[in-house]
$ cat start_32.pdb   # PDB, C-alpha atoms
MODEL        1
ATOM      1  CA  MET A  12       0.000   0.000   0.000
ATOM      2  CA  ILE A  13       2.804   2.408   0.862
ATOM      3  CA  GLU A  14       4.549   1.545  -2.405
ATOM      4  CA  LEU A  15       1.375   2.406  -4.304
ATOM      5  CA  LEU A  16       1.156   5.781  -2.593
ATOM      6  CA  SER A  17       4.804   6.565  -3.252
ATOM      7  CA  ASP A  18       4.410   5.624  -6.936
ATOM      8  CA  LEU A  19       1.336   7.839  -7.168
ATOM      9  CA  LEU A  20       3.177  10.780  -5.612
ATOM     10  CA  LYS A  21       6.152  10.268  -7.942
ATOM     11  CA  PHE A  22       3.809  10.162 -10.939
ATOM     12  CA  MET A  23       2.080  13.381  -9.910
ATOM     13  CA  HIS A  24       5.409  15.114  -9.311
ATOM     14  CA  GLU A  25       7.029  14.008 -12.591
ATOM     15  CA  ARG A  26       4.004  14.677 -14.782
ATOM     16  CA  LYS A  27       2.965  17.885 -12.934
ATOM     17  CA  LYS A  28      -0.517  16.502 -12.349
ATOM     18  CA  PHE A  29      -1.096  18.080  -8.966
ATOM     19  CA  TRP A  30      -4.774  18.607  -9.753
ATOM     20  CA  LEU A  31      -5.229  14.862  -9.119
ATOM     21  CA  ALA A  32      -4.437  15.241  -5.411
ATOM     22  CA  PRO A  33      -7.805  16.751  -4.312
ATOM     23  CA  ILE A  34      -9.716  14.136  -6.311
ATOM     24  CA  ILE A  35      -7.769  11.293  -4.729
ATOM     25  CA  ILE A  36      -8.149  12.753  -1.236
ATOM     26  CA  VAL A  37     -11.919  13.124  -1.619
ATOM     27  CA  LEU A  38     -12.279   9.572  -2.932
ATOM     28  CA  VAL A  39     -10.227   8.159  -0.065
ATOM     29  CA  LEU A  40     -12.234  10.127   2.522
ATOM     30  CA  LEU A  41     -15.556   8.999   1.042
ATOM     31  CA  GLY A  42     -14.371   5.392   0.996
ATOM     32  CA  ALA A  43     -13.224   5.621   4.615
ATOM     33  CA  LEU A  44     -16.542   7.202   5.598
ATOM     34  CA  LEU A  45     -18.501   4.388   3.994
ATOM     35  CA  VAL A  46     -16.360   1.715   5.622
ATOM     36  CA  LEU A  47     -16.468   3.285   9.076
ATOM     37  CA  LEU A  48     -20.216   3.950   9.052
ATOM     38  CA  GLN A  49     -21.197   0.648   7.477
ATOM     39  CA  GLY A  50     -22.583  -0.895  10.656
ATOM     40  CA  SER A  51     -23.954   2.223  12.319
ATOM     41  CA  ALA A  52     -27.454   3.672  12.461
ATOM     42  CA  ILE A  53     -26.352   6.546  10.206
ATOM     43  CA  ALA A  54     -25.505   4.225   7.301
ATOM     44  CA  PRO A  55     -28.948   4.367   5.567
ATOM     45  CA  PHE A  56     -28.731   8.161   5.467
ATOM     46  CA  ILE A  57     -25.210   8.117   4.031
ATOM     47  CA  TYR A  58     -26.216   5.701   1.256
ATOM     48  CA  THR A  59     -29.133   7.951   0.214
ATOM     49  CA  LEU A  60     -26.613  10.698  -0.602
ATOM     50  CA  PHE A  61     -25.144   8.538  -3.343
TER      51      PHE A  61
ENDMDL
END

$ encode --input "start_32.pdb" --output "structure tokens"
Amino acid sequence: MIELLSDLLKFMHERKKFWLAPIIIVLVLLGALLVLLQGSAIAPFIYTLF
């Protein structure tokens, strides 16, 4: 996992694609939110947003 992140950072630095960083951060945060709230009472409300 750490190797994947380092490769991604190297790619963004070499290709000057820094606009990808906010997209990746948002996707990771949404994924973490869905995983963490999967078994809670808030989960049905989160799934209606998508």

$ residues_around --input "start_32.pdb" --residues "stretch 33-42 of chain A" --least-positions-apart "6" --cutoff "12 Å" --atoms "all atoms listed in the file" --output "MDAnalysis selection string"
chainID A and resid 16 19:20 23 48:49 57:58 60:61

$ write_last_selection --input "start_32.pdb" --atoms "C-alpha atoms" --output "PDB file, in the coordinates of the input"
ATOM      1  CA  LEU A  16       1.156   5.781  -2.593  1.00  0.00           C
ATOM      2  CA  LEU A  19       1.336   7.839  -7.168  1.00  0.00           C
ATOM      3  CA  LEU A  20       3.177  10.780  -5.612  1.00  0.00           C
ATOM      4  CA  MET A  23       2.080  13.381  -9.910  1.00  0.00           C
ATOM      5  CA  LEU A  48     -20.216   3.950   9.052  1.00  0.00           C
ATOM      6  CA  GLN A  49     -21.197   0.648   7.477  1.00  0.00           C
ATOM      7  CA  ILE A  57     -25.210   8.117   4.031  1.00  0.00           C
ATOM      8  CA  TYR A  58     -26.216   5.701   1.256  1.00  0.00           C
ATOM      9  CA  LEU A  60     -26.613  10.698  -0.602  1.00  0.00           C
ATOM     10  CA  PHE A  61     -25.144   8.538  -3.343  1.00  0.00           C
TER      11      PHE A  61
END

$ closest_residue --input "start_32.pdb" --among "A:Ala32, A:Phe22, A:Leu15, A:Thr59" --to "A:Leu45" --atoms "all atoms listed in the file"
A:Thr59

$ atom_distance --input "start_32.pdb" --atom1 "atom CA of A:His24" --atom2 "atom CA of A:Ala43"
25.1 Å

$ axis_aligned_box --input "start_32.pdb" --around "stretch 25-42 of chain A" --padding-each-side "8 Å" --output "JSON"
{"center_x": -4.3, "center_y": 12.0, "center_z": -6.1, "size_x": 38.6, "size_y": 29.2, "size_z": 33.3}

$ atom_distance --input "start_32.pdb" --atom1 "atom CA of A:Glu14" --atom2 "atom CA of A:Arg26"
18.1 Å

$ decode --input "start_32.pdb" --residues "stretch 12-48 of chain A" --atoms "N, CA and C atoms" --output "tab-separated table (two decimals), in the first residue's frame"
chain	number	residue	atom	x	y	z
A	12	MET	N	0.83	-1.19	0.00
A	12	MET	CA	0.00	0.00	0.00
A	12	MET	C	0.87	1.26	0.00
A	13	ILE	N	1.92	1.24	0.80
A	13	ILE	CA	2.80	2.41	0.86
A	13	ILE	C	3.54	2.59	-0.46
A	14	GLU	N	3.89	1.47	-1.10
A	14	GLU	CA	4.55	1.55	-2.40
A	14	GLU	C	3.62	2.16	-3.45
A	15	LEU	N	2.35	1.83	-3.38
A	15	LEU	CA	1.37	2.41	-4.30
A	15	LEU	C	1.29	3.91	-4.11
A	16	LEU	N	1.23	4.35	-2.88
A	16	LEU	CA	1.16	5.78	-2.59
A	16	LEU	C	2.41	6.51	-3.04
A	17	SER	N	3.57	5.91	-2.83
A	17	SER	CA	4.80	6.56	-3.25
A	17	SER	C	4.88	6.65	-4.78
A	18	ASP	N	4.44	5.59	-5.47
A	18	ASP	CA	4.41	5.62	-6.94
A	18	ASP	C	3.44	6.70	-7.44
A	19	LEU	N	2.31	6.83	-6.78
A	19	LEU	CA	1.34	7.84	-7.17
A	19	LEU	C	1.90	9.25	-6.97
A	20	LEU	N	2.57	9.47	-5.86
A	20	LEU	CA	3.18	10.78	-5.61
A	20	LEU	C	4.29	11.08	-6.61
A	21	LYS	N	5.10	10.08	-6.94
A	21	LYS	CA	6.15	10.27	-7.94
A	21	LYS	C	5.55	10.61	-9.31
A	22	PHE	N	4.47	9.91	-9.66
A	22	PHE	CA	3.81	10.16	-10.94
A	22	PHE	C	3.29	11.60	-11.00
A	23	MET	N	2.63	12.03	-9.92
A	23	MET	CA	2.08	13.38	-9.91
A	23	MET	C	3.19	14.42	-9.96
A	24	HIS	N	4.30	14.16	-9.31
A	24	HIS	CA	5.41	15.11	-9.31
A	24	HIS	C	6.09	15.19	-10.68
A	25	GLU	N	6.33	14.03	-11.30
A	25	GLU	CA	7.03	14.01	-12.59
A	25	GLU	C	6.17	14.57	-13.72
A	26	ARG	N	4.89	14.25	-13.70
A	26	ARG	CA	4.00	14.68	-14.78
A	26	ARG	C	3.31	16.01	-14.51
A	27	LYS	N	3.57	16.61	-13.34
A	27	LYS	CA	2.96	17.88	-12.93
A	27	LYS	C	1.44	17.81	-12.94
A	28	LYS	N	0.92	16.72	-12.42
A	28	LYS	CA	-0.52	16.50	-12.35
A	28	LYS	C	-1.00	16.68	-10.91
A	29	PHE	N	-0.73	17.83	-10.35
A	29	PHE	CA	-1.10	18.08	-8.97
A	29	PHE	C	-2.60	18.26	-8.77
A	30	TRP	N	-3.33	18.48	-9.85
A	30	TRP	CA	-4.77	18.61	-9.75
A	30	TRP	C	-5.43	17.28	-9.38
A	31	LEU	N	-4.69	16.17	-9.50
A	31	LEU	CA	-5.23	14.86	-9.12
A	31	LEU	C	-5.32	14.69	-7.60
A	32	ALA	N	-4.50	15.42	-6.86
A	32	ALA	CA	-4.44	15.24	-5.41
A	32	ALA	C	-5.79	15.48	-4.72
A	33	PRO	N	-6.50	16.58	-4.98
A	33	PRO	CA	-7.81	16.75	-4.31
A	33	PRO	C	-8.82	15.67	-4.66
A	34	ILE	N	-8.79	15.20	-5.90
A	34	ILE	CA	-9.72	14.14	-6.31
A	34	ILE	C	-9.42	12.86	-5.54
A	35	ILE	N	-8.16	12.51	-5.44
A	35	ILE	CA	-7.77	11.29	-4.73
A	35	ILE	C	-8.11	11.40	-3.25
A	36	ILE	N	-7.86	12.56	-2.66
A	36	ILE	CA	-8.15	12.75	-1.24
A	36	ILE	C	-9.64	12.62	-0.96
A	37	VAL	N	-10.47	13.22	-1.80
A	37	VAL	CA	-11.92	13.12	-1.62
A	37	VAL	C	-12.39	11.69	-1.76
A	38	LEU	N	-11.88	10.97	-2.75
A	38	LEU	CA	-12.28	9.57	-2.93
A	38	LEU	C	-11.88	8.70	-1.75
A	39	VAL	N	-10.68	8.93	-1.22
A	39	VAL	CA	-10.23	8.16	-0.06
A	39	VAL	C	-11.08	8.48	1.16
A	40	LEU	N	-11.40	9.75	1.37
A	40	LEU	CA	-12.23	10.13	2.52
A	40	LEU	C	-13.65	9.56	2.41
A	41	LEU	N	-14.22	9.58	1.22
A	41	LEU	CA	-15.56	9.00	1.04
A	41	LEU	C	-15.53	7.49	1.26
A	42	GLY	N	-14.50	6.83	0.77
A	42	GLY	CA	-14.37	5.39	1.00
A	42	GLY	C	-14.22	5.06	2.47
A	43	ALA	N	-13.41	5.85	3.18
A	43	ALA	CA	-13.22	5.62	4.62
A	43	ALA	C	-14.53	5.87	5.36
A	44	LEU	N	-15.26	6.90	4.96
A	44	LEU	CA	-16.54	7.20	5.60
A	44	LEU	C	-17.52	6.05	5.43
A	45	LEU	N	-17.59	5.51	4.23
A	45	LEU	CA	-18.50	4.39	3.99
A	45	LEU	C	-18.10	3.14	4.78
A	46	VAL	N	-16.82	2.89	4.88
A	46	VAL	CA	-16.36	1.71	5.62
A	46	VAL	C	-16.61	1.89	7.11
A	47	LEU	N	-16.32	3.06	7.64
A	47	LEU	CA	-16.47	3.29	9.08
A	47	LEU	C	-17.93	3.32	9.52
A	48	LEU	N	-18.81	3.82	8.66
A	48	LEU	CA	-20.22	3.95	9.05
A	48	LEU	C	-21.08	2.80	8.55
